[in-house]
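Undergrad: I'm passing along final_6.cif; it holds mmCIF, C-alpha atoms and all ligand atoms.
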```cif
data_protein
#
loop_
_atom_site.label_atom_id
_atom_site.label_comp_id
_atom_site.auth_asym_id
_atom_site.auth_seq_id
_atom_site.Cartn_x
_atom_site.Cartn_y
_atom_site.Cartn_z
CA ALA A 1 84.39 77.44 108.32
CA ASP A 2 87.87 76.37 107.20
CA ASP A 3 86.39 73.90 104.72
CA ALA A 4 84.06 76.54 103.29
CA MET A 5 87.00 78.89 102.91
CA GLY A 6 89.05 76.07 101.33
CA ALA A 7 86.30 75.38 98.81
CA ALA A 8 85.88 79.05 97.99
CA ALA A 9 89.65 79.41 97.62
CA GLU A 10 89.79 76.45 95.28
CA SER A 11 86.96 77.71 93.08
CA PHE A 12 88.61 81.14 93.00
CA ARG A 13 91.96 79.66 91.93
CA GLN A 14 90.16 77.76 89.20
CA ALA A 15 88.60 81.01 87.94
CA LEU A 16 92.04 82.64 87.98
CA ARG A 17 93.46 79.82 85.90
CA GLN A 18 90.74 80.38 83.30
CA ALA A 19 90.87 84.18 83.28
CA ARG A 20 92.17 85.86 80.13
CA HIS A 21 92.30 89.47 81.32
CA PRO A 22 92.33 89.53 85.11
CA ILE A 23 92.90 92.81 86.97
CA ALA A 24 93.69 93.55 90.61
CA LEU A 25 92.23 96.80 91.94
CA ALA A 26 93.91 97.92 95.15
CA GLY A 27 93.07 100.40 97.89
CA ALA A 28 94.61 101.59 101.14
CA GLY A 29 93.99 98.24 102.89
CA LEU A 30 96.73 96.71 100.71
CA SER A 31 99.32 98.90 102.44
CA ALA A 32 97.82 98.88 105.94
CA ALA A 33 100.16 96.09 107.08
CA SER A 34 103.11 98.22 105.96
CA GLY A 35 102.02 100.81 108.50
CA ILE A 36 100.41 103.23 106.04
CA PRO A 37 97.14 104.54 107.53
CA THR A 38 93.93 104.05 105.54
CA PHE A 39 91.71 107.05 104.79
CA ARG A 40 88.45 106.01 106.33
CA GLY A 41 89.81 103.98 109.22
CA ALA A 42 91.59 104.88 112.45
CA GLY A 43 94.78 106.77 111.66
CA GLY A 44 93.27 108.81 108.83
CA LEU A 45 94.04 111.95 110.80
CA TRP A 46 96.99 114.33 110.64
CA ARG A 47 97.31 116.97 113.36
CA SER A 48 93.56 116.54 113.96
CA HIS A 49 92.75 117.17 110.29
CA ASP A 50 90.79 114.53 108.43
CA ALA A 51 93.19 113.34 105.69
CA LEU A 52 90.38 113.60 103.13
CA SER A 53 89.80 117.29 103.88
CA LEU A 54 93.43 117.99 102.92
CA ALA A 55 93.27 115.97 99.69
CA THR A 56 91.43 118.63 97.70
CA PRO A 57 92.45 121.39 95.28
CA GLU A 58 90.60 123.89 97.51
CA ALA A 59 92.69 122.97 100.57
CA PHE A 60 95.90 123.43 98.56
CA LYS A 61 94.76 126.81 97.25
CA ARG A 62 93.72 127.97 100.72
CA ASP A 63 96.73 126.71 102.63
CA PRO A 64 99.55 125.20 100.54
CA SER A 65 101.86 125.27 103.56
CA LYS A 66 99.57 123.00 105.58
CA VAL A 67 98.94 120.66 102.66
CA TRP A 68 102.69 120.38 101.89
CA GLN A 69 103.46 119.55 105.52
CA PHE A 70 100.79 116.84 105.41
CA TYR A 71 102.32 115.35 102.24
CA HIS A 72 105.86 115.72 103.59
CA TYR A 73 104.76 113.71 106.64
CA ARG A 74 103.22 110.99 104.48
CA ARG A 75 106.32 110.80 102.26
CA SER A 76 108.47 110.27 105.34
CA VAL A 77 106.16 107.50 106.62
CA VAL A 78 106.35 105.72 103.26
CA LEU A 79 110.13 106.13 102.98
CA ALA A 80 110.48 104.30 106.29
CA ALA A 81 108.01 101.54 105.30
CA SER A 82 108.45 98.35 103.28
CA PRO A 83 106.18 96.38 100.96
CA ASN A 84 104.21 93.61 102.71
CA ALA A 85 103.33 90.05 101.71
CA ALA A 86 100.31 91.20 99.67
CA HIS A 87 102.45 93.56 97.55
CA THR A 88 105.00 90.78 97.07
CA THR A 89 102.42 88.20 96.01
CA LEU A 90 100.99 90.61 93.43
CA ALA A 91 104.50 91.40 92.18
CA LYS A 92 105.10 87.69 91.54
CA LEU A 93 101.93 87.56 89.45
CA LEU A 94 103.07 90.56 87.40
CA ILE A 95 106.41 89.05 86.38
CA GLN A 96 107.25 85.85 84.56
CA SER A 97 107.30 83.61 87.60
CA HIS A 98 106.41 80.14 88.71
CA LEU A 99 103.35 81.61 90.45
CA ARG A 100 102.19 83.35 87.28
CA ASP A 101 102.59 80.15 85.20
CA GLN A 102 100.69 78.20 87.83
CA LEU A 103 97.86 80.61 88.58
CA LEU A 104 97.43 82.60 85.38
CA PRO A 105 98.23 80.14 82.57
CA ASN A 106 95.56 81.56 80.27
CA ALA A 107 96.04 85.24 81.05
CA LYS A 108 96.89 87.42 78.06
CA SER A 109 97.43 90.27 80.49
CA PHE A 110 97.43 90.98 84.20
CA HIS A 111 97.39 94.56 85.45
CA LEU A 112 97.43 96.02 88.93
CA VAL A 113 95.35 99.18 89.07
CA THR A 114 96.09 100.83 92.39
CA GLN A 115 94.47 103.80 94.07
CA ASN A 116 97.44 103.96 96.42
CA VAL A 117 99.96 106.75 96.08
CA ASP A 118 102.67 105.12 98.22
CA GLY A 119 104.52 103.34 95.41
CA LEU A 120 104.91 100.19 97.55
CA SER A 121 103.62 97.88 94.80
CA GLY A 122 106.28 99.25 92.45
CA ARG A 123 108.94 98.72 95.09
CA ALA A 124 107.80 95.10 95.59
CA LEU A 125 108.02 94.62 91.83
CA GLN A 126 111.53 96.05 91.67
CA GLU A 127 112.58 93.74 94.47
CA SER A 128 111.12 90.73 92.62
CA ALA A 129 112.34 91.75 89.17
CA PRO A 130 115.45 93.87 89.55
CA THR A 131 116.42 93.58 85.88
CA GLU A 132 114.72 95.49 83.09
CA GLN A 133 113.89 92.39 81.07
CA SER A 134 111.73 90.81 83.73
CA ALA A 135 110.04 94.03 84.89
CA PRO A 136 106.71 94.31 83.10
CA SER A 137 105.42 97.56 81.74
CA THR A 138 103.85 96.06 78.71
CA SER A 139 100.42 95.18 77.43
CA ALA A 140 100.88 91.88 79.30
CA GLY A 141 101.23 93.47 82.70
CA SER A 142 101.87 96.71 84.52
CA ILE A 143 101.05 98.79 87.57
CA LEU A 144 98.77 101.76 87.01
CA GLU A 145 98.78 104.29 89.84
CA MET A 146 95.42 105.91 89.14
CA HIS A 147 95.59 108.48 91.94
CA GLY A 148 99.23 109.40 91.29
CA ASN A 149 102.27 109.08 93.52
CA LEU A 150 103.49 110.84 96.66
CA PHE A 151 106.96 111.12 95.17
CA LYS A 152 105.80 112.91 92.05
CA THR A 153 105.71 116.70 91.91
CA ILE A 154 103.86 118.86 89.40
CA CYS A 155 104.65 122.50 88.75
CA THR A 156 101.55 124.68 89.08
CA SER A 157 103.09 127.18 86.60
CA CYS A 158 104.74 125.23 83.78
CA GLY A 159 103.11 121.83 84.39
CA GLU A 160 106.37 119.91 84.50
CA SER A 161 106.07 116.66 86.44
CA ARG A 162 108.90 114.59 87.82
CA ILE A 163 109.73 111.96 90.40
CA ASP A 164 111.65 113.49 93.30
CA LEU A 165 112.66 111.20 96.15
CA ARG A 166 114.54 113.85 98.11
CA ASP A 167 113.59 114.07 101.79
CA PRO A 168 112.91 116.81 102.62
CA LEU A 169 111.93 118.29 99.27
CA CYS A 170 113.12 121.71 100.43
CA PRO A 171 114.92 123.04 103.54
CA ALA A 172 111.78 124.57 105.09
CA LEU A 173 110.14 121.13 105.32
CA ARG A 174 113.04 119.59 107.25
CA GLY A 175 111.73 118.07 110.47
CA ALA A 176 108.09 118.85 109.62
CA GLU A 177 107.32 115.12 109.94
CA ASP A 178 107.79 115.42 113.71
CA LEU A 179 104.24 115.90 114.92
CA SER A 180 105.32 116.56 118.50
CA GLY A 181 106.82 119.83 117.32
CA GLU A 182 104.79 123.00 116.88
CA TYR A 183 102.90 123.37 113.65
CA ARG A 184 104.74 125.88 111.47
CA VAL A 185 103.58 128.39 108.95
CA ILE A 186 105.91 128.21 105.95
CA PRO A 187 105.85 131.14 103.51
CA THR A 188 104.82 130.08 100.02
CA ASP A 189 108.23 131.04 98.54
CA HIS A 190 109.86 128.51 100.88
CA LEU A 191 107.66 125.63 99.78
CA PRO A 192 108.92 123.27 97.03
CA ARG A 193 109.53 125.31 93.86
CA CYS A 194 110.11 124.36 90.23
CA SER A 195 113.73 124.02 89.11
CA GLN A 196 113.06 124.43 85.38
CA SER A 197 115.13 127.35 84.25
CA GLY A 198 113.32 130.64 84.79
CA CYS A 199 110.17 129.02 86.24
CA ASN A 200 110.35 128.85 90.05
CA GLY A 201 106.61 128.02 90.13
CA LEU A 202 105.00 126.48 93.20
CA LEU A 203 105.12 122.69 93.05
CA ARG A 204 102.21 120.52 94.15
CA PRO A 205 102.10 116.83 95.06
CA GLY A 206 101.59 114.62 91.98
CA VAL A 207 98.44 113.01 93.32
CA VAL A 208 94.81 113.15 92.16
CA TRP A 209 92.53 115.14 94.42
CA PHE A 210 88.72 115.10 94.57
CA GLY A 211 87.19 116.73 91.53
CA GLU A 212 90.35 116.28 89.45
CA SER A 213 90.57 114.08 86.40
CA ILE A 214 92.51 110.85 86.41
CA PRO A 215 95.40 111.16 83.94
CA GLU A 216 95.43 107.52 82.83
CA LEU A 217 91.66 107.04 82.86
CA ASP A 218 91.26 106.20 79.15
CA ARG A 219 93.83 103.44 79.37
CA ILE A 220 92.40 102.09 82.63
CA GLN A 221 88.85 102.11 81.29
CA SER A 222 89.89 100.20 78.21
CA LEU A 223 91.57 97.57 80.41
CA ILE A 224 88.47 97.36 82.62
CA SER A 225 86.22 97.01 79.57
CA ARG A 226 87.85 93.70 78.60
CA CYS A 227 88.48 92.44 82.15
CA ASP A 228 86.88 89.08 82.97
CA LEU A 229 87.97 88.73 86.61
CA ILE A 230 88.63 91.54 89.06
CA LEU A 231 90.27 91.19 92.48
CA VAL A 232 89.14 94.06 94.70
CA LEU A 233 91.76 94.37 97.42
CA GLY A 234 91.47 96.47 100.58
CA THR A 235 89.34 99.30 99.24
CA SER A 236 86.17 100.78 100.71
CA SER A 237 84.89 101.20 97.12
CA THR A 238 83.57 104.66 97.92
CA VAL A 239 85.64 106.77 95.52
CA TYR A 240 84.72 106.92 91.85
CA PRO A 241 85.55 105.98 89.21
CA ALA A 242 87.40 103.05 90.89
CA ALA A 243 84.33 102.18 92.98
CA GLY A 244 82.42 101.36 89.77
CA PHE A 245 84.94 99.00 88.18
CA ALA A 246 83.65 95.78 89.80
CA GLN A 247 80.12 96.50 88.56
CA ILE A 248 81.40 97.03 85.02
CA VAL A 249 83.23 93.71 85.14
CA LYS A 250 80.20 91.94 86.60
CA HIS A 251 77.35 93.49 84.66
CA SER A 252 78.79 94.84 81.40
CA ASN A 253 81.48 92.19 80.85
CA HIS A 254 79.66 89.32 82.59
CA GLY A 255 82.89 88.64 84.43
CA GLN A 256 83.56 87.75 88.04
CA VAL A 257 84.43 89.67 91.20
CA ALA A 258 86.55 88.58 94.17
CA VAL A 259 86.74 90.90 97.19
CA PHE A 260 89.45 90.75 99.86
CA ASN A 261 88.68 92.98 102.86
CA ILE A 262 88.83 92.85 106.65
CA GLU A 263 85.22 94.01 106.70
CA GLN A 264 82.16 91.88 106.00
CA PRO A 265 80.34 92.92 102.83
CA SER A 266 77.17 94.97 103.15
CA ASP A 267 73.92 93.37 101.96
CA ASP A 268 73.79 95.20 98.63
CA GLU A 269 77.50 94.58 97.95
CA ARG A 270 77.08 90.87 98.47
CA ASP A 271 74.87 90.45 95.39
CA ASP A 272 77.59 91.53 92.99
CA VAL A 273 80.43 89.57 94.52
CA ASP A 274 81.37 86.02 93.53
CA TRP A 275 83.93 85.48 96.27
CA HIS A 276 84.29 87.44 99.48
CA PHE A 277 87.40 86.65 101.49
CA VAL A 278 87.13 88.34 104.86
CA GLY A 279 90.43 89.03 106.59
CA PRO A 280 93.72 90.86 106.18
CA VAL A 281 94.74 90.86 102.52
CA GLU A 282 98.41 90.41 103.46
CA THR A 283 97.56 87.02 104.97
CA LEU A 284 94.76 85.99 102.61
CA LEU A 285 96.53 86.65 99.30
CA PRO A 286 99.66 84.59 100.03
CA GLN A 287 97.52 81.89 101.66
CA ILE A 288 95.06 81.58 98.80
CA LEU A 289 97.47 82.20 95.95
CA SER A 290 100.72 80.52 96.90
C1 LIG B 301 91.86 96.06 104.75
C2 LIG B 301 92.95 95.99 105.57
C3 LIG B 301 93.70 94.84 105.45
C4 LIG B 301 92.06 97.84 105.99
N1 LIG B 301 93.34 93.90 104.56
N2 LIG B 301 91.51 95.12 103.90
C5 LIG B 301 80.35 109.44 90.59
C6 LIG B 301 79.45 109.49 91.62
C7 LIG B 301 79.67 110.31 92.72
C8 LIG B 301 80.81 111.09 92.81
C9 LIG B 301 81.72 111.03 91.79
C10 LIG B 301 81.48 110.22 90.69
N3 LIG B 301 82.54 110.34 89.86
C11 LIG B 301 83.43 111.19 90.41
C12 LIG B 301 82.95 111.63 91.59
C13 LIG B 301 83.62 112.59 92.50
C14 LIG B 301 84.71 111.92 93.32
C15 LIG B 301 84.11 110.82 94.18
O1 LIG B 301 84.21 109.66 93.94
N4 LIG B 301 83.55 111.18 95.32
C16 LIG B 301 83.00 110.17 96.24
C17 LIG B 301 83.50 110.46 97.64
C18 LIG B 301 81.52 110.07 96.08
N5 LIG B 301 85.77 111.38 92.47
C19 LIG B 301 86.70 112.17 91.97
O2 LIG B 301 86.68 113.37 92.16
C20 LIG B 301 87.77 111.54 91.10
N6 LIG B 301 87.89 112.30 89.90
C21 LIG B 301 87.03 112.17 88.88
O3 LIG B 301 86.24 111.26 88.83
O4 LIG B 301 87.17 113.12 87.91
C22 LIG B 301 86.08 113.33 87.01
C23 LIG B 301 84.90 113.91 87.80
C24 LIG B 301 85.11 114.88 88.77
C25 LIG B 301 84.02 115.38 89.51
C26 LIG B 301 82.73 114.90 89.29
C27 LIG B 301 82.54 113.92 88.32
C28 LIG B 301 83.64 113.43 87.57
C29 LIG B 301 89.14 111.66 91.77
C30 LIG B 301 89.23 110.88 93.02
C31 LIG B 301 90.58 111.15 93.72
C32 LIG B 301 90.69 110.46 95.04
N7 LIG B 301 91.82 110.95 95.74
C33 LIG B 301 92.21 110.35 97.00
C34 LIG B 301 93.43 111.13 97.58
C35 LIG B 301 94.70 110.80 96.80
C36 LIG B 301 95.85 111.61 97.27
C37 LIG B 301 96.25 111.26 98.67
O5 LIG B 301 96.45 110.10 99.02
O6 LIG B 301 96.43 112.18 99.45
O7 LIG B 301 92.53 108.98 96.82
S1 LIG B 301 90.89 110.29 98.19
C38 LIG B 301 91.35 108.75 98.89
O8 LIG B 301 90.30 107.78 98.66
C39 LIG B 301 92.57 108.28 98.08
C40 LIG B 301 92.25 106.83 97.90
O9 LIG B 301 92.97 106.30 96.80
C41 LIG B 301 90.77 106.81 97.72
C42 LIG B 301 90.12 105.48 97.98
O10 LIG B 301 90.26 105.09 99.31
P1 LIG B 301 90.53 103.56 99.68
O11 LIG B 301 91.81 103.13 99.10
O12 LIG B 301 89.36 102.74 99.35
O13 LIG B 301 90.79 103.67 101.26
P2 LIG B 301 89.72 103.59 102.46
O14 LIG B 301 90.43 104.06 103.68
O15 LIG B 301 88.46 104.24 102.12
O16 LIG B 301 89.39 102.03 102.61
C43 LIG B 301 90.33 101.10 103.08
C44 LIG B 301 89.67 99.73 103.02
O17 LIG B 301 90.64 98.76 103.34
C45 LIG B 301 88.50 99.55 103.98
O18 LIG B 301 87.44 98.92 103.28
C46 LIG B 301 89.06 98.61 105.05
O19 LIG B 301 88.06 97.73 105.58
C47 LIG B 301 90.08 97.84 104.27
N8 LIG B 301 91.21 97.34 105.01
N9 LIG B 301 92.97 97.17 106.34
C48 LIG B 301 92.20 94.10 103.82
N10 LIG B 301 94.81 94.65 106.23
ZN ZN B 302 107.69 125.07 86.47
#
```
Give the structure from this file in C-alpha cells form.

TA:
Amino acid sequence: ADDAMGAAAESFRQALRQARHPIALAGAGLSAASGIPTFRGAGGLWRSHDALSLATPEAFKRDPSKVWQFYHYRRSVVLAASPNAAHTTLAKLLIQSHLRDQLLPNAKSFHLVTQNVDGLSGRALQESAPTEQSAPSTSAGSILEMHGNLFKTICTSCGESRIDLRDPLCPALRGAEDLSGEYRVIPTDHLPRCSQSGCNGLLRPGVVWFGESIPELDRIQSLISRCDLILVLGTSSTVYPAAGFAQIVKHSNHGQVAVFNIEQPSDDERDDVDWHFVGPVETLLPQILS
C-alpha cells in the first residue's frame, strides 16, 4: 500500500510541476486539525442546533440574537486556534519559496479558493510572509475566501463592511462563548450595531449563507475556467457552486483533479478523480509536497 501511495504521490508531484494554473479548493477538513469543527461531521452542533440550520438568512431574520451568539462562539474558538501543517504547506506554495520553485516551476498562478470562514489560511500566510513584498495578493497568487470571514461584519442598513477582531464585538456578547452558562436572550439593540455616523444599523456576520450570492464569484469562476489542476482539500463537495469546480476542471478544461480527504471516495466520485489521497490533509499535504 505504501508503494502504491508513493507512486501516486510521485505522479501527482509530476503533474504539479507541469501545471500552469493550479488551484487549491479547501473545505472545513483543512481546519479540522486546528480544532475547528466541520459542518457535516461530529461537532457540527451548537447548543443542540445543527450549525447549518443557523447559517441561513431566515435564521438571522427570525432570531438574530441566537445567530449572533453562535457566531460569537465560533469567533472565540478561532481566536484561540492556530493554523495547522496543511495551512502552512499551502502558504509556502503561495509565496516565493523554495517549495514553490520546486513544486510549481511552470505555474503562472496559484490560488487558494477556500470555503472556510476562519481566516486560518491567511494567518498561516502572514506567518510565512510577514512583509508586504512577499505576501501575494496578485494575479500570481492569492487566497479567495468565497464564503466570507467570521471576523467581517456587514451593516444590514448601510451595507458597510469591515474587519473587526474585537472579542466580544459588543458588551452583551461577553461570556456568551461559555456553553455551560444559560442561553441568553439579547435584545436586538444590544447586538453588534453599525458605528458609521448616524447609522446604528444591526450588523450581521460577513459570511455567505445558503441562498446568498458569492461576492467574488465572477473572479473565482474566471480562475476556475483556466485551471488545469485542482486540489480538493477536506471538503464534502456538497455545497454549490464550489462542489462543481472539480467537474469544470475535469470536463470543460480537460484538467486533472486530486482529492485529499479522510473519507474514501464514493463510486460516482471516483470516476472524475485522478488522484485520491485518503487520510488527514494536515499529514498528507506536508508528506506528499515537502
Ligand atoms: C477531512 C479532515 C481532515 C474532515 N483531513 N479531510 C446547484 C444545485 C443545487 C443547489 C444549489 C446550486 N447552486 C446553489 C445552490 C444552493 C446552495 C447549495 O449548494 N445547496 C446545497 C446544500 C445543495 N448554495 C448556495 O446557496 C450558495 N449560493 C449561491 O450559489 O448563490 C446563487 C444561488 C442561490 C440559490 C440557488 C441557486 C443559486 C451559497 C453557499 C453558502 C454556504 N455557506 C456555508 C456557511 C458559511 C458561514 C458559516 O460558516 O457559518 O458554508 S454552509 C457550509 O458548507 C459552509 C461551508 O463552507 C460549506 C461547505 O462545507 P465543507 O467545507 O465541505 O464542510 P463539510 O463539513 O461538509 O465537509 C468536511 C469534509 O472534510 C468531509 O468530507 C470530511 O470527510 C473531511 N475531513 N476532517 C481531510 N483532517
Ligand atoms: Zn450602517

Undergrad: Using only C-alpha atoms, determine which residues lie at most 12 Å from Ser195 (chain A), disregarding the query and same-chain residues fewer than 5 positions distant; provide the list as a list of chain:residue names.

TA: A:Thr153, A:Ile154, A:Cys155, A:Ser157, A:Cys158, A:Gly159, A:Glu160, A:Ser161, A:Arg162, A:Asp164, A:Leu169, A:Cys170, A:Asn200, A:Gly201, A:Leu202, A:Leu203

Undergrad: Within 6 Å of ligand LIG 301 (chain B), counting all atoms listed in the file, which protein or nucleic acid residues do you find, written as a PyMOL selection string?

TA: chain A and resi 27-30+32-33+38-41+52+55+115-117+147+207-214+234-241+260-263+280-281

Undergrad: Let's have the selection written as an mmCIF file, in the frame of the given file, with C-alpha atoms.

TA:
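The result, stored in again-v6.cif:
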```
data_model
loop_
_atom_site.group_PDB
_atom_site.id
_atom_site.type_symbol
_atom_site.label_atom_id
_atom_site.label_comp_id
_atom_site.auth_asym_id
_atom_site.auth_seq_id
_atom_site.Cartn_x
_atom_site.Cartn_y
_atom_site.Cartn_z
ATOM 1 C CA GLY A 27 93.070 100.400 97.890
ATOM 2 C CA ALA A 28 94.610 101.590 101.140
ATOM 3 C CA GLY A 29 93.990 98.240 102.890
ATOM 4 C CA LEU A 30 96.730 96.710 100.710
ATOM 5 C CA ALA A 32 97.820 98.880 105.940
ATOM 6 C CA ALA A 33 100.160 96.090 107.080
ATOM 7 C CA THR A 38 93.930 104.050 105.540
ATOM 8 C CA PHE A 39 91.710 107.050 104.790
ATOM 9 C CA ARG A 40 88.450 106.010 106.330
ATOM 10 C CA GLY A 41 89.810 103.980 109.220
ATOM 11 C CA LEU A 52 90.380 113.600 103.130
ATOM 12 C CA ALA A 55 93.270 115.970 99.690
ATOM 13 C CA GLN A 115 94.470 103.800 94.070
ATOM 14 C CA ASN A 116 97.440 103.960 96.420
ATOM 15 C CA VAL A 117 99.960 106.750 96.080
ATOM 16 C CA HIS A 147 95.590 108.480 91.940
ATOM 17 C CA VAL A 207 98.440 113.010 93.320
ATOM 18 C CA VAL A 208 94.810 113.150 92.160
ATOM 19 C CA TRP A 209 92.530 115.140 94.420
ATOM 20 C CA PHE A 210 88.720 115.100 94.570
ATOM 21 C CA GLY A 211 87.190 116.730 91.530
ATOM 22 C CA GLU A 212 90.350 116.280 89.450
ATOM 23 C CA SER A 213 90.570 114.080 86.400
ATOM 24 C CA ILE A 214 92.510 110.850 86.410
ATOM 25 C CA GLY A 234 91.470 96.470 100.580
ATOM 26 C CA THR A 235 89.340 99.300 99.240
ATOM 27 C CA SER A 236 86.170 100.780 100.710
ATOM 28 C CA SER A 237 84.890 101.200 97.120
ATOM 29 C CA THR A 238 83.570 104.660 97.920
ATOM 30 C CA VAL A 239 85.640 106.770 95.520
ATOM 31 C CA TYR A 240 84.720 106.920 91.850
ATOM 32 C CA PRO A 241 85.550 105.980 89.210
ATOM 33 C CA PHE A 260 89.450 90.750 99.860
ATOM 34 C CA ASN A 261 88.680 92.980 102.860
ATOM 35 C CA ILE A 262 88.830 92.850 106.650
ATOM 36 C CA GLU A 263 85.220 94.010 106.700
ATOM 37 C CA PRO A 280 93.720 90.860 106.180
ATOM 38 C CA VAL A 281 94.740 90.860 102.520
#
```

Undergrad: For Ala86 (chain A), which residue out of A:Ser197, A:Asn253, A:Gln18, A:Ser34 is the nearest one, using all atoms listed in the file?

TA: A:Ser34

Undergrad: Which residue out of A:Asp50, A:Tyr183, A:Asp272, A:Ala242 has the minimum interatomic distance to Gly255 (chain A) when only C-alpha atoms are used?

TA: A:Asp272

Undergrad: What lies within 10 Å of Val185 (chain A) using all atoms listed in the file, ignoring chain neighbours under 2 positions off, as a PyMOL selection string?

TA: chain A and resi 63-66+69+172+182-183+187-188

Undergrad: Would you please work out which residue, of A:His87, A:Gln96, A:Gln221, A:Gln14, is nearest to Leu284 (chain A) when using all atoms listed in the file?

TA: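 Closest to Leu284 (chain A) of all the choices is A:His87.
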
Undergrad: Here is a test: counting all atoms listed in the file, which residue of A:Gly148, A:Pro37, A:Gly198, A:Gly119 is nearest to ligand ZN 302 (chain B)?

TA: A:Gly198

Undergrad: Between CA of Leu285 (chain A) and CA of Leu165 (chain A), what is the distance, to one decimal in Å?

TA: 29.5 Å

Undergrad: List as a PyMOL selection string the protein and nucleic acid residues near Phe12 (chain A), meaning an atom at most 12 Å away when all atoms listed in the file are counted, but skip any in the same chain fewer than 5 places from it.

TA: chain A and resi 5-7+17-19+103-104+229-231+256-260+273-277+285+288-289

Undergrad: What does the structure give for the distance between CA of Leu94 (chain A) and CA of Leu112 (chain A), in Å to one decimal?

TA: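 Taking CA of Leu94 (chain A) as the start and CA of Leu112 (chain A) as the end point, the length is 8.0 Å.
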
Undergrad: Measuring between only C-alpha atoms, which one of A:Gly43, A:Pro22, A:Pro265, A:Pro205 shows the shortest distance to His111 (chain A)?

TA: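 Smallest separation from His111 (chain A) among the options: A:Pro22.
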
Undergrad: Here is a test: counting all atoms listed in the file, which residue of A:Ser128, A:Thr88, A:Ser121, A:Ser76 is nearest to Ser290 (chain A)?

TA: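 Result for the nearest residue to Ser290 (chain A): A:Thr88.
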
Undergrad: What is the distance between CA of Cys227 (chain A) and CA of His21 (chain A), in Å to one decimal?

TA: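 CA of Cys227 (chain A) sits 4.9 Å away from CA of His21 (chain A).
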